[in-house]
Structure formats: structure tokens, C-alpha cells
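Report on the structure given below.
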Amino acid sequence: MAETILVLLLKKLSALLSDEASLLRGANHEVNDIKNELESIRSFLSSSSNQTQSLSTWFNQVRDLAFEIEDALDELCYRNSHPHHNHPLLAFPHRLISKHRIAKSLQGIKSKIQGISSRAQRYRFDHIGDIVNSKSTPFLAEGEESELVGIEDNRNLLLGWLTDGEQPSRAVVSVWGMGGLGKTTLANEIYRDGSIKKWFDCLMWVSVSQSCSARDLLERIATELSSEGIEIGSQELSSFTFRRLVEIIDACLAKRRYLIVLDDVWDANLWIAINGALPNSQIGSRILITTRIRDVVFVAASSCSLHLQPLLEEESWTLFCARSFRRQPDRRCPEELEYWARNIVAKCDGLPLAIVAMASLMTAKEGIAEEWKNVYDSIDWQLVNNPMLARVKNILHVSFNELPHYLRPCFLYCAVFPEDCLIKRKRIIRLWVAEGFVEQRGRMSKEEVADEYMRELICRGMLQVAERNEFGRVKQCRMHDILRELALSKSNDENFGATFDGQEEVIIGNARRLSVKQRKNELQLTMISKACLPRLRSFLIFSNSLSVPSLGEMFSSLRLLRVLDLERAPIDSLPEDVGTLFNLHYLGLRHTRIKELPKSLGILQNLQTLDLWGCKVLKLSFGLAKLHNLRHLFLVRVHARYPVNLDDISGVYVPHGVPNLKDLQTLQGIEANEKNVRESGNLNQLRTYGITKVTTAQSSVLCASIRKMNHLQHLAIFASSEEETLKLESLSPPPPLLQKLQLWGQMVQLPSWFASLNNLTHLALAGSQLTEDPFPILQRLQNLVCVNLIRAYNGQNLVFHSGWFRKLRSLYLSNLAQLKCMEIEEGAMQDLHELRLIGCGELKKVPQGIKYLINLQLLELVAMPSELFEELSCDQSYVTIMQRIPTIRILFDR
């Protein structure tokens, strides 16, 4: 982590040195010296991943100094951009004083860096690093001692793939998943199976360490060949060239049906490098790869891939009992221990390695409920500190240590979210960007780069996908409980962050981030040590019942804060002192009770995200135009859980300033006025645009502005009233990347450009009052996965013809007052998963052809005619169809 912090700090220093207008001008020599010293320290850190005690102490000093430098730089930048707020005439003497302070501060920092560097030389840390790194990394097996619970199906599946006589070509079979799931255990069970030994002429097991090079791996394969009695030559392997090693291995294996197990592969490039040495002789040879990295599976072009998942609840319980209660009849848990035993198992979250380790720990305990309760109450401490659980910690720490430097802070940041909390992808991405964790990559936006970071963490098993949207993209993720505990331990060791549950006063030392989760009562400032606050970079509250009465008092100590997230906190106002948080990049007030924002918000020139979604704010009265770095502005006010009418959704009045926000990517919920409708076309970085209270007269000007938004992916337009008509014919051509479109207001007919929305995946039409069936046009949009129509069609019939909507997964029809007949032909909407019919008062018969929706998972009927319900319950053919659908929701009234 020290290296990661230095990387971020060096980028900040480089930016300051390249800024000719910087207050540091004239002190460039000092800053360059500091930068050079830090680069040298970073080089050393890169080569010293393993630590002795003295090295660990030195690393901590480097980290703390890096934090101090970062704090100083932020203070200096603030003084540079704000020479004197209230008295411009005093700006010049203020600048002279600042230069003096800067020079003195830089000299002090430089002195400390030189002291740290001299200590490294004095204690010969460079030599220690060489010794430490010369040692090979010990092999850590994953759950090799676990009982074979829940793996029988996987075992048979792998055996079938490996011994498939109908596939003579060499094939790659992979087993992948997070550390501790038992990949090695499963592979070893296969390797030792009698049928495997009979099927293959040659078997080799090669353990791949994290630092293994392609040459190392080839030498290990050659060594295994030699141990199998295969002649590979009389020379030492180290004397062969890489090419010669490839030739030798290829020649030895060419006429043999071989199985090679490559256990725990970390680098996809490693496979690319050795692939040519493993011949394809069309005799049924196989390579079995185990890995924690999904990209290894893809690059290896694995023909058969098994993604291991955590054990199910009962499988976990069976494994735990088999290990803990061997002396009990039928290995059954005593009744008096079951409550605490099941809680302990639940904490392991299906991870076999952790279950076996906890079972071994509990075997040594007496069968007394009080002792088991004590273990459960201290389980977080046990996972980190108990030697009997060290193997769990070590295996999972390997995954963390192998993360690239740019992913480590992103992973640790996820641990600030409470246990079992689902982490929304877009929210965590904006938080990472606000914290400065995200690097620039070419023309990609930082949010797009952060999206790649999340994909990498999921591929490495460090985050788990909790929910995907209709076309497979991650919507929410979570941290495995065990990984979260280890991340919190690492965060504490590195002063990265801390969590507070309100049980006692929290002393977080120099921790940079604090999250609070308290179920009730009031967060008192006295609960948090005031000495902790000045160093904080993130402060997040996860509670909808926790009052925060002393925000103003806290703000005076939080000058360096980058993230303030108070989502759902029951607060009614924000103190004027928020303007003192000059370093604030993220202000989250989503679903709070705030009605008015302080004017001092206009001072926060570093602000990137202002989230007011679901607040009660009616108007932005502060200087929005000054927030030049704003990237995301959420203003939507929602007044109903399931919006049906225009009154259910409204926006916020913004007097002026929007055209100045050139970096804006998200603008949701702005109320239309003549100026912002005309000038919003200047926002050419917008990805998401939602505008309310649009009048018929404004429609053509709005269309002209939207045509300029070439990056736009999500567009929502709300008319000013139910009677207002949206005239959108002139929105031609529409933005080329548009994926989601919401139109609320009368249209009479669909604009002609609708047929060109080739990238559209989500469509919502509300209050459109269309007289012609829109589906003949919409069925041309081959990528649609979700269609919502709310009071959008006045016709009596809907027909879905064969071949229409091949990708559609969700269809929502609400309040189509004239609809009497709905017909679905065989072959239409073949992938439909969700069908919702709500308030269609004239649809008295079940949609004809519903039996053809063979993939339907959810049928929801709300406030539909009683005749339709009677037909469903009385007609046996429909009863049979209903039995096939997993989830059916029927409500007679909304």
C-alpha cells in the first residue's frame, strides 16, 4: 500500500510542477528534490514485497510521510486558488506569506524524506530486500484438508471433460474462483483418480507460484517429465535456451496422451508463453488449469470451464459438522451448541477453507455454549489473529498482495460498506474517482477506467457479483465476509480506513476514511476522537435512523475531506460551514430531508459529484457556475415508489450556470427554462441527461441541443403537464450511442428517427397517447431488452408476431385503458423473463399465446379485471402454464 500511495502522490507532484501558474513556482527545485527522493523510495518498495520487522517499521514511516505530504499539498493548492476570500486587496501580502510558509513546509518535508532514505542505507534495507526476495514463495494449498462435501457433481463433470474420447484434439479445462474455494482440492482429487491414471500415458502436476516466469514453468514441466522416467538429456536444465526447452518438451509429449495440471496460475501471459511447448497430437491430451483470475480462463481458450461457487448453506453446515463433531453420533451438532455453531458457519459465507479452519478451532473447545458464544463474538479478531486460522488469512492475503497497485485502494475502499451491504456499481465508481484512485487511460473517461477496475476485481474473485442488469452488466456487487474482515484488518494496519458501529468511542489514529453504521440513536461528536478528524479523506454514514446534530462542529475539523456521503441520514439541513471543506470532491445527500442548500456550496471548486436524488430541494440558489470540475449532478425528486403520472417525478430549478460545467457527464432532473434548454448543447461530455417541465414550444430547441451530445447514452424528457405535447421530430439524427430513452408526455405518433435507434436497450413511454400500435416500429430495434408503456397507447389490440423482439427480457404494460386483446405468436419474445400487466381495465382475457413464453420467470398482474383472474384459475390449460412460471404476483388493487 505504501507504494500505491506514493504512485498517487508522485502524479500530484508532477501536475503541480507542470502548472506554470502554481504557487509552487519558484520552489520547483525543492519540489523536484522531493519528487526524486520519493521515486527512489518507490523503486525500493516495488522490489521489497516481503517484510522483516525492521522493514515493516520503515514502510510505515514512508506511508505516514506520504500522507503528510499529500495533506500539505492540498493545503497549498487551496491557498493558491484562494489567495484571500473576503479581502481581494490583501491578496498580494497573503501570497507572500503563503510563499514563505510553502518554502518552510517544503524544507521540513525534504528533511524528513532524507532522514527516511538515510535510515534505509544505515540499516542496509536494500540488502535485506534482496535476501527476502531471493527466497521462493511457499506453496499455499487451498483447502486440501477439507471433506469432499458438495464436490461430487463437479468431480464427475471434470472427469467427463478430461476423458472425452470423442474429442481427440488437445483441450484446456479450467477450474476458477476466489481463493479458499477448494480448486486445488478438487483438482487433486481428479489427479489421483484411478480412471485418470488409466486414461493418460503421462501425468504431471505443476504448482505455479505468483513470481513464476515462463522459463521457470518450462523447467518445472521438464523436471516432472524427468521424474516420470522420460529421458530429457544429460545437460542441466539451466543451460538450455528457452527455445530448446520448448523443443525438448514438445518432443517428449508428442506421442503421449498427457495430462498436465497447472495449479494456481496468476498471469494470462504465462499461458501464452508456454502454449507452444504443449503439442496437439490429436490423441486426447488435456491441460487442467486452476486459477483465481477469470482472464486466465479466457486467454487459455478453455473449452470447458468450471466456476466454483461458495457452498450452499446446508453444504456448509454438513462440512462443519463433519469436522467439528467427529465423536458425536452421526456427526450431529449437540442441540445446546447449534445456535452458535450455525452463526459461526454463516460467518464463513460458504468458503470451504474457512469452514474447515473454524471447525478445527472449535474441535479444541469444550462443548459449552458460553465458549462457543465467546468465539462467535470475537470471530473478526480470530480470523486475523488466531494462529489456527492463519492459513485462511495467508491464502486470501496472497490474492490481495497480487493486486496491481491501482486496484489495492479500490478493494480496501469497498470494506467501508457495512457487512452484507450491496455495493452499487455506479456509486462505488464515483467514490473511487472522487478519492483520486483512478488513473487516466487515453481518451477513456475516469468513470470508464473505474468500470474496468471493477471488472478486474470481479475477475480476480475479490468482489462477488450480486446482481446483473437485463443484458448481463454488473449492477451491484458485494464483498465476501471473510475477505471484508481481512480488508478491514489491512485497512487498520495501513491507516487506510476504519469503521464505527457506535458501541464505544472510536480512536482511528491517522486513518484516512471513516464509515459509521449505527442502527439508532444519535451520533455524538464525543463518540469520535477529535484528533482523528483532521486527517479524514472520506466520511460516510450508513443509517436511516441516525441523527447527526453536530455537522457544523465536525466541518471545522474536516478541511481535507474529499468524500462526504450522508445518504438516507435523517438530516433536514446542511450547515453553511460546508463551504470550509475546500477539498470536497463528493457530496452525497441522496434521500435526505434537506430542502435548501447553503450558498457556500458555490465555493467548493473541487466538487465532482453532487447527489441530491430524492431530496426535497426545489431550487439551486448557490453559484453553480463556479463548480467547474462538476461531473455528476443528480436532482431528481421522486414522489411515488412506482411512478405512473408526471406528478410522480419532478426536478429542480437551476437559475443559471449549467453551460459552464464542461466536464459534466450526468445531469438528471434539471427543470427546463429557455436558457438552459438552449445552452445545454454545450455539455458535450454528457452521458446521462434528464430534463423535466419541457413545454411544446421548447421542444425543437431542446432537440437541437441534444443532437450535439455525441456521448449521450441515457436520455429522459418529461413534459410540463399531461396535456403538453412533446414535438421531437427534429431530433434527427439522435445521439448515436443512445442506450436508454424515457419520454413522458403526449406524442400522438412515434418520430421517424425511432427506427434508427440501433443501440437502444431500454425504452419507457408514458402518457404518449399513441393512436397507432408502436410495436411494428419498435420490433426493428434488435437490441431492446426492456420496454415500458404507461398510458402510452390508446388502441384496442396488440399483436407480437413471430420473430419479434429476440432479446427482449422485460415487458411492462400499465394503464393502457382501451386495450382489449393481446396476442403472442409462437416465436415472439422467446427470451422474455418478466411480463407485467397493470391497470389495463379492458383486458379481460389472458393474452393469447402466453404459453409460447417458455422462458418467463415472472408474471405480475396488478388491478386487472376479475374476468382475467377467473380465466387463469378455472381454465386447466392456463393452470398448467402458471405452474411452470417460478414467480407470480397478483394484486387486485394498487
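Please note that chains go A, B, ... in the order of the C-alpha cells, that every chain numbers its residues from 1, and that ligands are numbered from 1 in the order shown.
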
Check: as a PyMOL selection string, which residues of stretch 633-724 of chain A does DSSP assign to alpha helix (DSSP H)?
Finding: chain A and resi 674-679+699-706

Checklist line | Atom-to-atom span, atom CA of A:Leu667 and atom CA of A:Arg687, Å | finding: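 Straight-line distance from atom CA of A:Leu667 to atom CA of A:Arg687 works out to 8.5 Å.
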
Margin query: Show me, as JSON, numbers by chain, the residues that have an atom within 8 Å of A:Trp205 when counting only C-alpha atoms, minus same-chain residues fewer than 4 positions from it.
Written below: {"A": [224, 260, 261, 262, 263]}

Next item on the list: Tell me which protein, DNA and RNA residues are within 8 Å of A:Ile274, counting only C-alpha atoms, leaving out same-chain ones fewer than 6 positions away, and put them as an MDAnalysis selection string.
Entry: chainID A and resid 214 217:218 246

Could you turn the residues from that selection into a file that holds N, CA and C atoms, as a PDB file, in the first residue's frame?
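New file selection-v7.pdb:
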```pdb
ATOM      1  N   ALA A 214       7.888 -17.724 -17.449  1.00  0.00           N
ATOM      2  CA  ALA A 214       7.633 -18.765 -18.448  1.00  0.00           C
ATOM      3  C   ALA A 214       8.765 -19.787 -18.458  1.00  0.00           C
ATOM      4  N   LEU A 217       8.491 -22.113 -15.495  1.00  0.00           N
ATOM      5  CA  LEU A 217       7.424 -23.096 -15.678  1.00  0.00           C
ATOM      6  C   LEU A 217       7.865 -24.219 -16.610  1.00  0.00           C
ATOM      7  N   LEU A 218       8.568 -23.868 -17.687  1.00  0.00           N
ATOM      8  CA  LEU A 218       9.052 -24.900 -18.602  1.00  0.00           C
ATOM      9  C   LEU A 218      10.054 -25.815 -17.897  1.00  0.00           C
ATOM     10  N   VAL A 246      11.469 -25.615 -25.111  1.00  0.00           N
ATOM     11  CA  VAL A 246      10.210 -25.840 -25.830  1.00  0.00           C
ATOM     12  C   VAL A 246      10.318 -27.059 -26.725  1.00  0.00           C
TER      13      VAL A 246
END
```

Next item on the list: Please provide the set of residues having any atom within 8 Å of A:Gly623, restricted to only C-alpha atoms, with same-chain residues fewer than 5 positions apart removed, written as JSON, numbers by chain.
Entry: {"A": [599, 601, 602, 603, 657]}

Margin query: Residues near stretch 880-892 of chain A, anyone? I mean within 7 Å using only C-alpha atoms, not counting same-chain ones fewer than 5 positions away, as a PyMOL selection string.
Written below: chain A and resi 851+856-864

Item checked: Nearby residues (only C-alpha atoms) at most 7 Å from A:Ala828, same-chain spacing under 3 positions excluded, as a ChimeraX atom specification -> /A:800-805,824-825

Notebook entry, point to check: Mind pulling up the distance from atom CA of A:Arg637 to atom CA of A:Asn684?
Noted result: 24.8 Å

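Using only C-alpha atoms, the smallest distance between any of A:Asn401, A:Ser752, A:Asn710, A:Gln796 and A:Glu729 comes from A:Ser752.
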
Check: Separation of atom CA of A:Gln167 and atom CA of A:Ala273, in Å?
Finding: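 Taking atom CA of A:Gln167 and atom CA of A:Ala273, their separation equals 24.6 Å.
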